[in-house]
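work-v9.cif (mmCIF, C-alpha atoms)
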```cif
data_run
#
loop_
_atom_site.group_PDB
_atom_site.id
_atom_site.type_symbol
_atom_site.label_atom_id
_atom_site.label_comp_id
_atom_site.auth_asym_id
_atom_site.auth_seq_id
_atom_site.Cartn_x
_atom_site.Cartn_y
_atom_site.Cartn_z
ATOM 1 C CA MET A 130 -11.955 6.341 -2.263
ATOM 2 C CA PRO A 131 -8.178 6.856 -2.676
ATOM 3 C CA LEU A 132 -5.881 3.883 -2.289
ATOM 4 C CA THR A 133 -3.769 3.134 0.748
ATOM 5 C CA ASP A 134 -0.714 0.902 1.050
ATOM 6 C CA VAL A 135 -2.731 -1.475 3.226
ATOM 7 C CA MET A 136 -5.452 -1.800 0.576
ATOM 8 C CA ILE A 137 -2.867 -2.594 -2.093
ATOM 9 C CA GLN A 138 -0.945 -5.077 0.033
ATOM 10 C CA ASN A 139 -4.132 -6.861 1.108
ATOM 11 C CA THR A 140 -5.115 -7.477 -2.519
ATOM 12 C CA LYS A 141 -3.862 -10.884 -3.558
ATOM 13 C CA PRO A 142 -3.342 -11.952 -7.173
ATOM 14 C CA GLY A 143 -6.138 -13.939 -8.758
ATOM 15 C CA LYS A 144 -6.661 -15.800 -12.018
ATOM 16 C CA THR A 145 -7.297 -12.548 -13.901
ATOM 17 C CA PRO A 146 -5.701 -9.110 -13.543
ATOM 18 C CA LYS A 147 -7.301 -6.774 -11.005
ATOM 19 C CA ARG A 148 -7.324 -2.979 -11.052
ATOM 20 C CA LEU A 149 -7.242 -0.933 -7.876
ATOM 21 C CA ARG A 150 -8.151 2.641 -8.752
ATOM 22 C CA ASP A 151 -6.722 5.653 -6.944
ATOM 23 C CA GLY A 152 -8.452 8.328 -8.997
ATOM 24 C CA ASN A 153 -7.683 10.712 -11.854
ATOM 25 C CA GLY A 154 -6.624 7.818 -14.080
ATOM 26 C CA LEU A 155 -4.117 6.232 -11.667
ATOM 27 C CA TYR A 156 -4.462 2.577 -10.763
ATOM 28 C CA VAL A 157 -2.484 -0.473 -9.714
ATOM 29 C CA GLU A 158 -2.832 -3.542 -11.890
ATOM 30 C CA VAL A 159 -2.426 -6.736 -9.875
ATOM 31 C CA ARG A 160 -1.356 -9.455 -12.269
ATOM 32 C CA PRO A 161 -1.876 -13.200 -11.719
ATOM 33 C CA SER A 162 1.919 -13.538 -11.568
ATOM 34 C CA GLY A 163 1.944 -11.436 -8.401
ATOM 35 C CA THR A 164 3.307 -8.287 -10.043
ATOM 36 C CA TYR A 165 1.763 -4.984 -8.991
ATOM 37 C CA LEU A 166 2.095 -2.356 -11.741
ATOM 38 C CA TRP A 167 1.250 1.358 -11.659
ATOM 39 C CA ARG A 168 -0.669 2.614 -14.689
ATOM 40 C CA TYR A 169 -2.000 6.028 -15.668
ATOM 41 C CA ARG A 170 -4.879 6.161 -18.146
ATOM 42 C CA TYR A 171 -5.405 9.407 -20.064
ATOM 43 C CA ARG A 172 -6.930 10.806 -23.243
ATOM 44 C CA ILE A 173 -5.411 13.029 -25.900
ATOM 45 C CA GLY A 174 -7.341 13.883 -29.043
ATOM 46 C CA GLY A 175 -10.178 11.585 -28.037
ATOM 47 C CA LYS A 176 -7.885 8.539 -27.933
ATOM 48 C CA GLU A 177 -7.341 6.642 -24.734
ATOM 49 C CA ASN A 178 -3.712 5.983 -23.823
ATOM 50 C CA LEU A 179 -1.927 4.105 -21.070
ATOM 51 C CA TYR A 180 1.296 5.219 -19.391
ATOM 52 C CA ALA A 181 3.334 2.782 -17.280
ATOM 53 C CA LEU A 182 4.708 4.376 -14.110
ATOM 54 C CA GLY A 183 6.571 1.384 -12.710
ATOM 55 C CA GLU A 184 6.168 -1.498 -10.313
ATOM 56 C CA TYR A 185 4.607 -0.996 -6.881
ATOM 57 C CA PHE A 186 7.130 -1.575 -4.144
ATOM 58 C CA ARG A 187 6.327 -4.274 -1.637
ATOM 59 C CA ASP A 188 9.864 -4.797 -0.390
ATOM 60 C CA ARG A 189 11.453 -1.416 -1.223
ATOM 61 C CA ARG A 190 13.636 -2.690 -4.056
ATOM 62 C CA PRO A 191 15.392 -0.066 -6.204
ATOM 63 C CA GLY A 192 13.268 1.049 -9.111
ATOM 64 C CA HIS A 193 9.974 0.253 -7.435
ATOM 65 C CA VAL A 194 7.438 3.047 -7.056
ATOM 66 C CA SER A 195 5.614 3.874 -3.817
ATOM 67 C CA LEU A 196 2.031 5.142 -3.643
ATOM 68 C CA GLU A 197 3.227 8.703 -2.996
ATOM 69 C CA GLU A 198 5.726 8.541 -5.857
ATOM 70 C CA ALA A 199 3.041 7.173 -8.207
ATOM 71 C CA ARG A 200 0.785 10.107 -7.340
ATOM 72 C CA ARG A 201 3.636 12.535 -8.001
ATOM 73 C CA LEU A 202 4.375 10.870 -11.352
ATOM 74 C CA ARG A 203 0.678 10.986 -12.243
ATOM 75 C CA ALA A 204 0.609 14.722 -11.483
ATOM 76 C CA GLU A 205 3.604 15.275 -13.766
ATOM 77 C CA ALA A 206 2.004 13.180 -16.495
ATOM 78 C CA ARG A 207 -1.303 15.053 -16.122
ATOM 79 C CA ASP A 208 0.498 18.360 -16.613
ATOM 80 C CA LEU A 209 1.992 17.029 -19.842
ATOM 81 C CA VAL A 210 -1.395 15.742 -21.023
ATOM 82 C CA LYS A 211 -2.919 19.177 -20.366
ATOM 83 C CA GLN A 212 -0.258 20.575 -22.724
ATOM 84 C CA GLY A 213 -1.263 17.959 -25.315
ATOM 85 C CA ARG A 214 1.986 15.994 -24.914
ATOM 86 C CA HIS A 215 2.176 12.238 -24.422
ATOM 87 C CA PRO A 216 4.165 11.385 -21.270
ATOM 88 C CA VAL A 217 5.758 8.390 -22.996
ATOM 89 C CA ASP A 218 7.115 10.651 -25.765
ATOM 90 C CA VAL A 219 8.674 12.952 -23.166
ATOM 91 C CA ARG A 220 10.230 9.929 -21.399
ATOM 92 C CA ARG A 221 11.669 8.618 -24.674
ATOM 93 C CA ALA A 222 13.126 12.019 -25.552
ATOM 94 C CA ALA A 223 14.782 12.309 -22.139
ATOM 95 C CA LYS A 224 16.229 8.817 -22.495
ATOM 96 C CA ALA A 225 17.552 9.636 -25.976
ATOM 97 C CA GLU A 226 19.212 12.788 -24.619
ATOM 98 C CA GLN A 227 20.812 10.795 -21.825
ATOM 99 C CA ILE A 228 22.165 8.256 -24.292
ATOM 100 C CA ALA A 229 23.405 10.991 -26.616
ATOM 101 C CA ALA A 230 25.204 12.660 -23.730
ATOM 102 C CA GLY A 231 26.792 9.318 -22.849
ATOM 103 C CA GLU A 232 25.727 9.685 -19.249
ATOM 104 C CA ASN A 233 24.953 6.634 -17.182
ATOM 105 C CA THR A 234 25.623 4.137 -19.951
ATOM 106 C CA PHE A 235 27.125 0.740 -19.272
ATOM 107 C CA GLU A 236 30.440 1.936 -20.691
ATOM 108 C CA ALA A 237 30.539 5.086 -18.531
ATOM 109 C CA VAL A 238 29.754 3.105 -15.373
ATOM 110 C CA ALA A 239 32.258 0.358 -16.273
ATOM 111 C CA ARG A 240 35.033 2.886 -16.921
ATOM 112 C CA GLY A 241 34.292 4.545 -13.570
ATOM 113 C CA TRP A 242 34.494 1.142 -11.888
ATOM 114 C CA LEU A 243 37.811 0.442 -13.636
ATOM 115 C CA ALA A 244 39.193 3.739 -12.351
ATOM 116 C CA ILE A 245 38.335 2.722 -8.799
ATOM 117 C CA LYS A 246 39.748 -0.782 -9.219
ATOM 118 C CA ALA A 247 42.963 0.618 -10.752
ATOM 119 C CA GLN A 248 43.908 1.837 -7.279
ATOM 120 C CA GLU A 249 43.968 -1.698 -5.866
ATOM 121 C CA TRP A 250 44.742 -3.856 -8.921
ATOM 122 C CA THR A 251 48.062 -4.359 -10.662
ATOM 123 C CA PRO A 252 48.520 -2.481 -13.961
ATOM 124 C CA GLN A 253 48.429 -5.824 -15.793
ATOM 125 C CA ARG A 254 45.033 -6.695 -14.265
ATOM 126 C CA VAL A 255 43.610 -3.281 -15.171
ATOM 127 C CA LYS A 256 44.872 -3.669 -18.735
ATOM 128 C CA GLN A 257 43.352 -7.146 -18.978
ATOM 129 C CA ALA A 258 39.940 -6.007 -17.647
ATOM 130 C CA THR A 259 39.940 -2.949 -19.921
ATOM 131 C CA ARG A 260 40.781 -5.080 -22.949
ATOM 132 C CA TRP A 261 38.017 -7.561 -22.115
ATOM 133 C CA LEU A 262 35.412 -4.818 -21.703
ATOM 134 C CA GLU A 263 36.472 -2.982 -24.867
ATOM 135 C CA ARG A 264 36.565 -6.165 -26.953
ATOM 136 C CA ASP A 265 33.538 -8.063 -25.650
ATOM 137 C CA ALA A 266 31.188 -5.861 -23.650
ATOM 138 C CA PHE A 267 31.270 -2.306 -25.010
ATOM 139 C CA PRO A 268 30.448 -3.225 -28.630
ATOM 140 C CA VAL A 269 27.337 -5.085 -27.442
ATOM 141 C CA ILE A 270 25.984 -3.024 -24.523
ATOM 142 C CA GLY A 271 28.379 -0.102 -24.054
ATOM 143 C CA SER A 272 25.930 2.597 -25.178
ATOM 144 C CA THR A 273 22.971 1.071 -23.313
ATOM 145 C CA PRO A 274 21.749 3.020 -20.268
ATOM 146 C CA ILE A 275 22.827 1.060 -17.200
ATOM 147 C CA ARG A 276 19.252 0.667 -15.966
ATOM 148 C CA ASP A 277 18.313 -1.045 -19.242
ATOM 149 C CA VAL A 278 21.098 -3.621 -19.206
ATOM 150 C CA LYS A 279 19.540 -7.036 -18.735
ATOM 151 C CA PRO A 280 21.250 -9.810 -16.769
ATOM 152 C CA SER A 281 20.808 -12.072 -19.789
ATOM 153 C CA GLN A 282 22.911 -9.670 -21.885
ATOM 154 C CA ILE A 283 25.762 -9.830 -19.383
ATOM 155 C CA ILE A 284 25.521 -13.619 -19.199
ATOM 156 C CA ASP A 285 25.641 -13.852 -23.017
ATOM 157 C CA ILE A 286 28.826 -11.754 -23.060
ATOM 158 C CA MET A 287 30.397 -13.810 -20.272
ATOM 159 C CA GLU A 288 29.584 -17.052 -22.101
ATOM 160 C CA ALA A 289 31.101 -15.690 -25.329
ATOM 161 C CA VAL A 290 34.282 -14.786 -23.427
ATOM 162 C CA ALA A 291 34.393 -18.271 -21.873
ATOM 163 C CA ARG A 292 34.036 -19.875 -25.321
ATOM 164 C CA GLY A 293 36.755 -17.609 -26.689
ATOM 165 C CA ASP A 294 34.495 -15.973 -29.316
#
```
Mind converting the file's structure to structure tokens?
Amino acid sequence: MPLTDVMIQNTKPGKTPKRLRDGNGLYVEVRPSGTYLWRYRYRIGGKENLYALGEYFRDRRPGHVSLEEARRLRAEARDLVKQGRHPVDVRRAAKAEQIAAGENTFEAVARGWLAIKAQEWTPQRVKQATRWLERDAFPVIGSTPIRDVKPSQIIDIMEAVARGD
């Protein structure tokens, strides 16, 4: 029987992970920590593989994946598997292209933000913020896709700036 949102939400975490199957290799893994993760299990060349589709949304946070979206992602992944391609390899290649193009990196987003702030800040403030980013942030996380920047990385940079490193 296919999953419903109610079935997923009514499943509470236990001491061991639980799997709620939707069919055709798609399931939600309910972890003891309370995390609900979408997984797609498939086979290529006789080897079983697992493809992570994202976290199930319970409170509609950005980046979380709904039941409908998980089914759509599974369909896309199934098409790739039928072609003999691993979905994770396709995802990695797309991410590498995005990084190579410099789109949506921390530096690109930060420079866009600076351009907006330049309209309301003094030239001295813009120069100071630009210098700080170029000296302390861009060398560390500038080429990282914005969605992969971890809060701990930003905190580390801020602490280094505070120490005067």
Explicit residue set for the PyMOL selection byres ((chain A and resi 226-241) around 8), as a PyMOL selection string:
chain A and resi 222-225+242-245+267+270-275+278
Contacts of Val159 in chain A at 6 Å (all atoms listed in the file; same-chain gap of 4+ positions) as a PyMOL selection string
chain A and resi 142+146-147+164-165
For Gly175 in chain A, which residue among A:Val210, A:Ser195, A:Gly152, A:Thr145 is the nearest when counting all atoms listed in the file?
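Closest candidate: A:Val210.
CA of Ala289 in chain A to CA of Trp261 in chain A spans 11.1 Å [interatomic distance, one decimal].
In this model, the gap between CA of Arg254 in chain A and CA of Pro280 in chain A comes to 24.1 Å.
A search radius of 12 Å centred on (-15.6, 3.8, -3.3), applied to all atoms listed in the file, returns the residues Met130, Pro131, Leu132, Leu149, Arg150, Asp151 and Gly152 of chain A.
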Kindly provide, as a ChimeraX atom specification, the polymer residues lying within 12 Å of (31.8, -9.1, -23.1), counting only C-alpha atoms and using the coordinates exactly as they appear in the file.
/A:235-236,239,258-271,281-294
Mind pulling up the distance from CA of Lys144 in chain A to CA of Ala199 in chain A?
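CA of Lys144 in chain A lies 25.2 Å from CA of Ala199 in chain A.
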Decode the PyMOL selection byres ((chain A and resi 216) around 10) for the given file into explicit residues and return them as a list in words.
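Applied to this file, the PyMOL selection byres ((chain A and resi 216) around 10) selects Tyr169, Tyr171, Asn178, Leu179, Tyr180, Ala181, Leu202, Arg203, Glu205, Ala206, Arg207, Asp208, Leu209, Val210, Gly213, Arg214, His215, Val217, Asp218, Val219, Arg220, Arg221 and Ala222 of chain A.
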Have a look at A:Lys256, A:Arg168, A:Lys211, A:Lys176 and name the one nearest to Val194 in chain A; count all atoms listed in the file.
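Ranking A:Lys256, A:Arg168, A:Lys211, A:Lys176 by distance to Val194 in chain A, first place goes to A:Arg168.
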Taking the file as I've supplied it (selection: the PyMOL selection byres ((chain A and resi 184) around 6)), which residues are included? Please answer as a CSV table (one decimal) with C-alpha atoms, in the coordinates of the input.
```csv
chain,number,residue,atom,x,y,z
A,165,TYR,CA,1.8,-5.0,-9.0
A,166,LEU,CA,2.1,-2.4,-11.7
A,167,TRP,CA,1.2,1.4,-11.7
A,183,GLY,CA,6.6,1.4,-12.7
A,185,TYR,CA,4.6,-1.0,-6.9
A,193,HIS,CA,10.0,0.3,-7.4
A,194,VAL,CA,7.4,3.0,-7.1
```
